[in-house]
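The next block holds one structure in the form of C-alpha cells; read it before the comments.
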Amino acid sequence: MAVVNRTPDSFFDKGATFGFDAAMAAVDRAVAEGADLIDIGGVKAGPGDDVDVAEELRRVVDTVAAVRDRHPDIVISVDTWRAEVGAAVAAAGADLLNDTWGGPDPELAVVAAEHGLGLVCAHAGAQEPRTRPHRVAYGDVLADVIGHVTAEAERAVALGVRRDGILIDPAHDFGKNTRQSLEISRRLDEMVATGWPVLVAVSNKDFIGEALGRPVDKRGVGTMAVLGVSAWQGARVFRVHDVAGARAALDRVAAMRRAAP
C-alpha cells in the first residue's frame, strides 16, 4: 500500500505530493515499483492547520477519480475518518476506506456498507483525530487493540460491509507511545491469530525514530526491519513510502517463509 498524501504538511515528505501533478506522478511511480494499493490522504495525521470537510474533499476526490481512470485495476484506498468524505470518494471510484483514527465517526462504516467498499478498522486509544497522546496507559496494549479492532470489524460486518473487505490495523503511534508501539510489533502474531487480515502502517514513524535515535529522513532501515518482523508474523498489507524497497524486502521474507520447515 503506497502512501500518496495530498497535504502540504505531511510529516515525511513535507508536501512533496500536495500538488495534483506531483501526486499523480507519485501514483504512477508506485504502481511501476510494485504497489498493489494506493492510499490517498487529504489531512495530515498529526496536529496542524485545520482542514474542514470541503477542503479534504477538494484534495482527494479528483485524485481518486484520476487514479481510477489511469490505473483501472489498482486498489484505491482513502485515508479518512469522515463519512462525508467516504461517500464522495466512493462515487469517485475508491475501493477501501482507511479509518486510521479508530472509528470516531460511526457513519463511516455505514457508508462503506452502502457503497460496497472495504474498511480498515484501526485502534487509536479513543484519541480525538489529529491529537497526540499524553501519558497514555493500557493494562495490556495488545488486549486493548485486539478488543477494539475486532469489535469494529464485527460491527462493520453487521452493518453490511463484506467480511473479506475488512482489515485490522493496530495503528502504531496513534494513541500510543514508543514502548507500546514496539510491544505491538513484537506481539503482532496475536492480532494475526484473530483471523482478520492485519495491516501495518509503520513507515518512518516516530516510534522507529525514537527507538533508533534517527530523524524522520533516516528511518528507512528501521522501517524495513519492522516490516520484515511484521510479515514474518503474518501481516498481510503494508502501508509504505518506499514501495520499491518494501517490495524487495517483503518478497525476501515471503521466500524465507516458504522455505521454512
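Residue numbering restarts at 1 for every chain of the C-alpha cells, chains are lettered A, B, ... in their displayed order, and ligands are numbered from 1 as they appear.
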key: Selection near Ala231 (chain A), 9 Å with only C-alpha atoms, sequence-local residues under 5 positions removed, as a list in words   =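 Contacts, in chain order: Val226, Arg236, Val237, Phe238, Leu250, Val253 and Ala254 of chain A.
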task = Go through region 85-165 of chain A and collect every residue that DSSP, computed from the backbone, puts in helix (DSSP H, G or I); the answer should be as a count of residues only.
result = 39
task = Extract, using only C-alpha atoms, all DNA, RNA and protein residues at most 9 Å from region 138-141 of chain A, discarding same-chain residues fewer than 6 positions from it, and format them as a PyMOL selection string.
result = chain A and resi 125+176+180-181+183-184
ask   = Smallest atom-to-atom distance to Ala83 (chain A): which of A:Ala126, A:Val145, A:Ala112, A:Ala153, using only C-alpha atoms?
value =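 The answer is A:Ala112, which sits nearest to Ala83 (chain A).
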inquiry  = Using only C-alpha atoms, which protein or nucleic acid residues come within 8 Å of region 56-62 of chain A? Drop anything in the same chain fewer than 6 positions from it, and give the result as a PyMOL selection string.
reply    = chain A and resi 6-7+40-43+78+85+88-89+92
Write to file, as a PDB file, in the first residue's frame, the residues of the selection just made, with N, CA and C atoms.
ATOM      1  N   ARG A   6      -2.057  14.145  -0.322  1.00  0.00           N
ATOM      2  CA  ARG A   6      -2.380  15.448  -0.904  1.00  0.00           C
ATOM      3  C   ARG A   6      -2.436  16.473   0.229  1.00  0.00           C
ATOM      4  N   THR A   7      -1.329  16.598   0.934  1.00  0.00           N
ATOM      5  CA  THR A   7      -1.243  17.512   2.073  1.00  0.00           C
ATOM      6  C   THR A   7       0.025  18.351   1.945  1.00  0.00           C
ATOM      7  N   ILE A  40      -4.626   7.293  -0.538  1.00  0.00           N
ATOM      8  CA  ILE A  40      -4.646   8.735  -0.769  1.00  0.00           C
ATOM      9  C   ILE A  40      -5.176   9.428   0.484  1.00  0.00           C
ATOM     10  N   GLY A  41      -4.416  10.390   0.996  1.00  0.00           N
ATOM     11  CA  GLY A  41      -4.839  11.118   2.183  1.00  0.00           C
ATOM     12  C   GLY A  41      -4.902  12.606   1.925  1.00  0.00           C
ATOM     13  N   GLY A  42      -5.869  13.274   2.558  1.00  0.00           N
ATOM     14  CA  GLY A  42      -6.013  14.706   2.381  1.00  0.00           C
ATOM     15  C   GLY A  42      -5.842  15.510   3.654  1.00  0.00           C
ATOM     16  N   VAL A  43      -5.545  14.826   4.775  1.00  0.00           N
ATOM     17  CA  VAL A  43      -5.365  15.506   6.053  1.00  0.00           C
ATOM     18  C   VAL A  43      -4.154  14.907   6.754  1.00  0.00           C
ATOM     19  N   VAL A  78      -8.637   5.396   0.622  1.00  0.00           N
ATOM     20  CA  VAL A  78      -8.622   6.793   1.050  1.00  0.00           C
ATOM     21  C   VAL A  78      -8.537   6.835   2.567  1.00  0.00           C
ATOM     22  N   VAL A  85     -16.677  12.356   3.442  1.00  0.00           N
ATOM     23  CA  VAL A  85     -15.581  12.122   2.509  1.00  0.00           C
ATOM     24  C   VAL A  85     -15.670  10.699   1.952  1.00  0.00           C
ATOM     25  N   ALA A  88     -18.168  10.532  -0.856  1.00  0.00           N
ATOM     26  CA  ALA A  88     -17.716  11.219  -2.072  1.00  0.00           C
ATOM     27  C   ALA A  88     -16.656  10.419  -2.812  1.00  0.00           C
ATOM     28  N   VAL A  89     -15.714   9.836  -2.093  1.00  0.00           N
ATOM     29  CA  VAL A  89     -14.661   9.077  -2.780  1.00  0.00           C
ATOM     30  C   VAL A  89     -15.196   7.744  -3.293  1.00  0.00           C
ATOM     31  N   ALA A  92     -16.357   8.453  -6.581  1.00  0.00           N
ATOM     32  CA  ALA A  92     -15.241   8.745  -7.496  1.00  0.00           C
ATOM     33  C   ALA A  92     -14.460   7.506  -7.894  1.00  0.00           C
TER      34      ALA A  92
END
task = Tell me which protein, DNA and RNA residues are within 12 Å of Val157 (chain A), counting only C-alpha atoms, leaving out same-chain ones fewer than 5 positions away, and put them as a list in words.
result = Ala109, Val110, Ala112, Ala113, Glu114, Gly116, Leu117, Gly118, Leu119, Cys121, Thr150, Ala151, Glu152, Arg162, Arg163, Asp164, Gly165, Ile166 and Leu167 of chain A
CA of Arg29 (chain A) to CA of Ile74 (chain A), straight-line distance in Å = 12.9 Å
query = At what distance in Å, to one decimal, does CA of Arg130 (chain A) lie from CA of Pro104 (chain A)?
reply =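 Separation between CA of Pro104 (chain A) and CA of Arg130 (chain A): 11.5 Å.
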task = Just give me the gap between CA of Ala235 (chain A) and CA of Val198 (chain A) in Å, one decimal is fine.
result = 4.9 Å
key: Contacts of Arg132 (chain A) at 10 Å (only C-alpha atoms; same-chain gap of 2+ positions) as a list in words   =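 Once the adjacent positions are removed, what remains is Ala45, Gly46, Pro47, Ala124, Gln127, Glu128, Pro129, Arg130, His134, Arg135, Val136, Asp173, Phe174, Gly175, Lys176 and Asn177 of chain A.
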Generate the output file for the selected residues, C-alpha atoms, as a PDB file, in the first residue's frame.
ATOM      1  CA  ALA A  45      -2.386  12.735  10.742  1.00  0.00           C
ATOM      2  CA  GLY A  46      -0.734  14.895  13.384  1.00  0.00           C
ATOM      3  CA  PRO A  47      -1.607  18.353  14.704  1.00  0.00           C
ATOM      4  CA  ALA A 124      -6.194   4.950  18.313  1.00  0.00           C
ATOM      5  CA  GLN A 127      -7.999   9.762  20.898  1.00  0.00           C
ATOM      6  CA  GLU A 128      -9.540  12.653  19.000  1.00  0.00           C
ATOM      7  CA  PRO A 129      -8.299  12.821  15.391  1.00  0.00           C
ATOM      8  CA  ARG A 130      -5.047  14.730  14.925  1.00  0.00           C
ATOM      9  CA  HIS A 134      -0.193  12.416  26.829  1.00  0.00           C
ATOM     10  CA  ARG A 135       0.877   9.738  29.300  1.00  0.00           C
ATOM     11  CA  VAL A 136      -1.424   7.207  27.648  1.00  0.00           C
ATOM     12  CA  ASP A 173       1.909   5.660  17.310  1.00  0.00           C
ATOM     13  CA  PHE A 174      -1.810   6.549  17.208  1.00  0.00           C
ATOM     14  CA  GLY A 175      -2.750   6.847  20.873  1.00  0.00           C
ATOM     15  CA  LYS A 176       0.436   5.004  21.812  1.00  0.00           C
ATOM     16  CA  ASN A 177       3.948   5.774  22.961  1.00  0.00           C
TER      17      ASN A 177
END
